[in-house]
Number of protein chains: 2
Amino acid sequence: MDLHPVIMAGGSGTRFWPLSRKSRPKQFLPLASALPLITETANRLPPLSRMQDCWVVCGAAHAKAVHALLPKVPRAQVLVEPVARNTAPAIGLAAAAVAQKDPAGILVVLPSDHHVGDVQGFRDALAEAAVYARQGALVTLGITPSRAETGYGYIHLGEKLGKGPGRRVKAFVEKPDAAKAARYLKGKQHAWNAGIFLFRADTMLTEIHAHLPALSEGLSQLMPHFGKSSWTRKLGQVFPKLPSISIDYGVMEKAKNIVVVPAEFGWSDVGSFAAIPEVREQDAAGNVLSGLALALESSGCVLLADAKRPLAVVGARDLVVVDAGDAILVCPKDRAQDVRKVVDELTRRKLGRYL
Amino acid sequence: MDLHPVIMAGGSGTRFWPLSRKSRPKQFLPLASALPLITETANRLPPLSRMQDCWVVCGAAHAKAVHALLPKVPRAQVLVEPVARNTAPAIGLAAAAVAQKDPAGILVVLPSDHHVGDVQGFRDALAEAAVYARQGALVTLGITPSRAETGYGYIHLGEKLGKGPGRRVKAFVEKPDAAKAARYLKGKQHAWNAGIFLFRADTMLTEIHAHLPALSEGLSQLMPHFGKSSWTRKLGQVFPKLPSISIDYGVMEKAKNIVVVPAEFGWSDVGSFAAIPEVREQDAAGNVLSGLALALESSGCVLLADAKRPLAVVGARDLVVVDAGDAILVCPKDRAQDVRKVVDELTRRKLGRYL
């Protein structure tokens, strides 16, 4: 098989505090099941691709966790960023590394912290998308919207390409306001940009050369050291100087040969605690409960309790309560985006040990 | 001084779970300040009365805690009920015990789990009430209502007695509905029954003899053993057979010589977590915060956190969150009465170790 999954695990975020910490960002949390999101991400790939063809890009602080959670991914294929430099350098690094072995190999870029409800549908969509990638396209999956979401970027769908599901891309569209999002939902000509991309290694390196020459130059300096003892030192010199830019802005929005494959497979980006009900079983009153959570006369709540400490909630609606052992969060579900403010407040109060 | 405070500490309740437990009911919790309510109750008595004249009635499970918290109360004056038998037997026991030393001594019956904001006003009211008690009346303090409260019993005020503040009692009134409570508030002829009573020991024993002959008979059997080695055994035999009845129903509503002294002294019965803002300092947004509680864009909340575990609340209004270390409670303030339902649920789930 020519598919090389590249699991993007460099993210850090604050919307899942107190579960997420600097040392344990979202992708390492078991938010959708008993397994961490990154483990689920890897587990849903076979038989479409083999674990030994899998790559991971992550920060230095998390390499150990990646090795532990994904032991079948060869250690040399866990690319450790000395500093975070957004997605273009990470993907460029992966493309260059894959190209050394298999220039026509297809990278399947996958966020490490999303959930997929219909795993077979997901693999089918990737297999369809890979057809276009093999022909030299930069392919992105476009998730068919199920609601007027204002939190995602959209892809404006263009003309159909022959008999397959692929379509040209008219434009990548910024996060819309509520009115625009409603129009997009109704018009059926827009899809969510889920950050899932497929392309040949050589295709991407050509595009980077064209649109991000500084990144291309950096990769050229780096790659002769790949797999050698000088790699880590060289990476530490070169990587921090690479331009910090997303693959969307840096390449996808500028390249010509873009294809979008519309798809639906129960995708969720698990964007905040408010998204947990999308990916977890609910009780009859719409509560998601874990650990020793007791929901009395309560509905629509997300109650993530400790396994040994009872968390009793009485008469609440649409509330998030999370007991992380050494810290507790309570907020209405519609304020889950603001959990990041807690992190600022803890910093201000010199309580950084809880971050 | 002829005043003998009798602190009624036999209560057990479930509205302060998870702070209150079977082994540590409300009166032993520092709900209004850093001191337990029972300690505050004793501390507000001097110089009106001396600690060595103070009595406490409590359950067997709590005698040790009473000795520890009120070390200046003579151990022999801590009357330990082998079983709970409501207030009439408890008060009868205290009256009989005081009568052995000082038949004309005045008992000042005080709930152990209330809060008083104006301590001098409280002592002044007791001193005024004691005048009527000395003359042979059963005196009750009537708290001037500050809201149309439906959770308390009321006292219908009768004619004034001479120049003093005392008034006759027209009737003891059950907890009213909202409409009645509003009328009571407006009419200014009703006061809250706070369970604070003053009477001479001999007066009460006479009334008990008249209205509760079974209790009177039991006390007669018991009292020859008071202060002797046979006391505990005898109490264990006789007390469980005493009628379980409140002093209100058993005596106050039947006796003729009842006087009510209206008073205002920042009284609160601290009836639930929702009452905490009545007795504790609030921040500018009306939140009561303790321990490592962080209220972000939140108002009207009662957040009782652990001293070492951050409790972050974002975007909440009128919410109660309590971290008791081994258990956590969350409920809207207007559902604080329903906290008792958690106790039922924990029992049902065989989680009785958290009760």
# chains A, B, ... in the order shown; residues from 1 in each chain; ligands from 1
call {"tool": "interface_residues", "arguments": {"of": "chain B", "to": "chain A", "cutoff": "6 Å", "atoms": "only C-alpha atoms", "output": "list in words"}}
result
Arg309, Pro310, Leu311, Ala312, Val313, Val314, Asp326, Ala327, Ile328, Leu329, Val330 and Cys331 of chain B
call {"tool": "select_by_dssp", "arguments": {"residues": "region 93-331 of chain B", "states": "strand (DSSP E or B)", "output": "JSON, numbers by chain"}}
result
{"B": [106, 107, 108, 109, 110, 111, 115, 116, 138, 139, 140, 141, 142, 143, 154, 155, 156, 157, 158, 159, 160, 167, 168, 169, 170, 171, 172, 173, 190, 191, 192, 193, 194, 195, 196, 197, 198, 199, 200, 258, 259, 260, 261, 262, 263, 267, 268, 288, 289, 290, 293, 294, 295, 296, 299, 302, 303, 304, 311, 312, 313, 314, 317, 319, 320, 321, 322, 323, 328, 329, 330, 331]}
call {"tool": "residues_around", "arguments": {"residues": "region 140-155 of chain B", "least_positions_apart": "3", "cutoff": "7 Å", "atoms": "only C-alpha atoms", "output": "MDAnalysis selection string"}}
result
chainID B and resid 169 171:178 181:182 185 190:194 196:198 259:264
call {"tool": "select_by_dssp", "arguments": {"residues": "region 147-340 of chain A", "states": "helix (DSSP H, G or I)", "output": "PyMOL selection string"}}
result
chain A and resi 178-187+201-211+213-225+231-241+247-252+273-279+333-340
call {"tool": "residues_around", "arguments": {"residues": "Gln100 (chain A)", "least_positions_apart": "6", "cutoff": "10 Å", "atoms": "only C-alpha atoms", "output": "list in words"}}
result
Ala201, Asp202, Met223, Pro224 and Phe226 of chain A
call {"tool": "residues_around", "arguments": {"residues": "Ile245 (chain B)", "least_positions_apart": "6", "cutoff": "9 Å", "atoms": "only C-alpha atoms", "output": "list in words"}}
result
Arg85, Asn86, Thr87, Ala88 and Pro89 of chain B
call {"tool": "write_last_selection", "arguments": {"atoms": "N, CA, C and O atoms", "output": "mmCIF file, in the first residue's frame"}}
result
data_model
loop_
_atom_site.group_PDB
_atom_site.id
_atom_site.type_symbol
_atom_site.label_atom_id
_atom_site.label_comp_id
_atom_site.auth_asym_id
_atom_site.auth_seq_id
_atom_site.Cartn_x
_atom_site.Cartn_y
_atom_site.Cartn_z
ATOM 1 N N ARG B 85 -35.002 11.888 70.268
ATOM 2 C CA ARG B 85 -36.404 11.853 70.681
ATOM 3 C C ARG B 85 -37.062 13.231 70.562
ATOM 4 O O ARG B 85 -37.913 13.592 71.360
ATOM 5 N N ASN B 86 -36.622 14.013 69.534
ATOM 6 C CA ASN B 86 -37.187 15.345 69.305
ATOM 7 C C ASN B 86 -36.894 16.271 70.501
ATOM 8 O O ASN B 86 -36.174 15.901 71.424
ATOM 9 N N THR B 87 -37.459 17.473 70.485
ATOM 10 C CA THR B 87 -36.984 18.492 71.429
ATOM 11 C C THR B 87 -37.609 18.426 72.822
ATOM 12 O O THR B 87 -36.971 18.843 73.798
ATOM 13 N N ALA B 88 -38.837 17.923 72.965
ATOM 14 C CA ALA B 88 -39.465 17.942 74.294
ATOM 15 C C ALA B 88 -38.687 17.096 75.312
ATOM 16 O O ALA B 88 -38.361 17.590 76.410
ATOM 17 N N PRO B 89 -38.348 15.833 74.993
ATOM 18 C CA PRO B 89 -37.534 15.074 75.951
ATOM 19 C C PRO B 89 -36.171 15.721 76.223
ATOM 20 O O PRO B 89 -35.705 15.730 77.368
#
call {"tool": "residues_around", "arguments": {"residues": "Gly300 (chain A)", "least_positions_apart": "3", "cutoff": "8 Å", "atoms": "only C-alpha atoms", "output": "PDB file with N, CA and C atoms, in the first residue's frame"}}
result
ATOM      1  N   ALA A 285     -31.842  11.415  29.818  1.00  0.00           N
ATOM      2  CA  ALA A 285     -32.036  12.860  29.963  1.00  0.00           C
ATOM      3  C   ALA A 285     -30.963  13.656  29.218  1.00  0.00           C
ATOM      4  N   GLY A 286     -30.189  12.961  28.377  1.00  0.00           N
ATOM      5  CA  GLY A 286     -29.188  13.668  27.583  1.00  0.00           C
ATOM      6  C   GLY A 286     -27.945  14.053  28.358  1.00  0.00           C
ATOM      7  N   ASN A 287     -27.706  13.395  29.476  1.00  0.00           N
ATOM      8  CA  ASN A 287     -26.475  13.641  30.223  1.00  0.00           C
ATOM      9  C   ASN A 287     -25.385  12.666  29.782  1.00  0.00           C
ATOM     10  N   VAL A 288     -24.167  13.158  29.693  1.00  0.00           N
ATOM     11  CA  VAL A 288     -23.011  12.278  29.538  1.00  0.00           C
ATOM     12  C   VAL A 288     -22.370  12.133  30.919  1.00  0.00           C
ATOM     13  N   ARG A 317     -29.267  22.043  34.348  1.00  0.00           N
ATOM     14  CA  ARG A 317     -29.490  21.875  32.906  1.00  0.00           C
ATOM     15  C   ARG A 317     -28.287  22.365  32.137  1.00  0.00           C
ATOM     16  N   ASP A 318     -27.833  21.540  31.195  1.00  0.00           N
ATOM     17  CA  ASP A 318     -26.790  21.959  30.249  1.00  0.00           C
ATOM     18  C   ASP A 318     -25.558  22.505  30.953  1.00  0.00           C
ATOM     19  N   LEU A 319     -25.101  21.774  31.943  1.00  0.00           N
ATOM     20  CA  LEU A 319     -23.945  22.187  32.720  1.00  0.00           C
ATOM     21  C   LEU A 319     -22.792  21.224  32.458  1.00  0.00           C
TER      22      LEU A 319
END
call {"tool": "atom_distance", "arguments": {"atom1": "CA of Ala96 (chain B)", "atom2": "CA of Trp267 (chain B)"}}
result
28.9 Å
call {"tool": "atom_distance", "arguments": {"atom1": "CA of Lys188 (chain A)", "atom2": "CA of Phe265 (chain A)"}}
result
16.7 Å
call {"tool": "atom_distance", "arguments": {"atom1": "CA of Ala307 (chain B)", "atom2": "CA of Gly352 (chain A)"}}
result
16.0 Å
call {"tool": "residues_around", "arguments": {"residues": "Ser33 (chain B)", "least_positions_apart": "2", "cutoff": "12 Å", "atoms": "only C-alpha atoms", "output": "VMD selection string"}}
result
chain B and resid 28 to 31 35 to 41 114 to 117 276 to 281 288 to 290
call {"tool": "decode", "arguments": {"residues": "region 34-79 of chain B", "atoms": "C-alpha atoms", "output": "compact mmCIF listing (two decimals), in the first residue's frame"}}
result
# COMPACT_ATOMS: atom_id res chain seq x y z
CA ALA B 34 -14.00 29.78 60.33
CA LEU B 35 -15.67 28.38 63.47
CA PRO B 36 -18.30 25.65 63.63
CA LEU B 37 -21.84 26.97 64.18
CA ILE B 38 -22.01 25.33 67.62
CA THR B 39 -18.83 27.11 68.70
CA GLU B 40 -20.25 30.42 67.50
CA THR B 41 -23.45 29.66 69.41
CA ALA B 42 -21.54 29.22 72.67
CA ASN B 43 -19.15 32.11 72.02
CA ARG B 44 -21.95 34.65 71.64
CA LEU B 45 -23.29 34.03 75.15
CA PRO B 46 -20.72 35.70 77.45
CA PRO B 47 -21.00 38.06 79.22
CA LEU B 48 -24.74 37.36 79.36
CA SER B 49 -24.00 33.96 80.90
CA ARG B 50 -20.93 31.97 81.85
CA MET B 51 -19.66 28.96 79.93
CA GLN B 52 -19.70 26.89 83.14
CA ASP B 53 -23.47 27.44 83.37
CA CYS B 54 -23.95 26.19 79.83
CA TRP B 55 -25.59 22.87 78.93
CA VAL B 56 -25.55 20.92 75.71
CA VAL B 57 -27.88 18.17 74.56
CA CYS B 58 -26.49 15.99 71.79
CA GLY B 59 -26.47 12.51 70.32
CA ALA B 60 -24.07 9.80 71.47
CA ALA B 61 -22.15 9.97 68.19
CA HIS B 62 -21.30 13.64 68.76
CA ALA B 63 -20.47 13.90 72.47
CA LYS B 64 -16.75 13.70 71.78
CA ALA B 65 -16.95 16.51 69.23
CA VAL B 66 -18.92 18.66 71.69
CA HIS B 67 -16.32 18.16 74.43
CA ALA B 68 -13.56 19.05 71.98
CA LEU B 69 -15.27 22.15 70.58
CA LEU B 70 -16.70 23.45 73.88
CA PRO B 71 -14.04 22.50 76.45
CA LYS B 72 -15.27 25.06 78.99
CA VAL B 73 -18.71 23.47 79.23
CA PRO B 74 -18.52 21.05 82.20
CA ARG B 75 -18.60 17.46 80.94
CA ALA B 76 -21.50 16.60 83.26
CA GLN B 77 -23.53 19.32 81.55
CA VAL B 78 -23.27 17.66 78.18
CA LEU B 79 -26.42 15.54 78.18
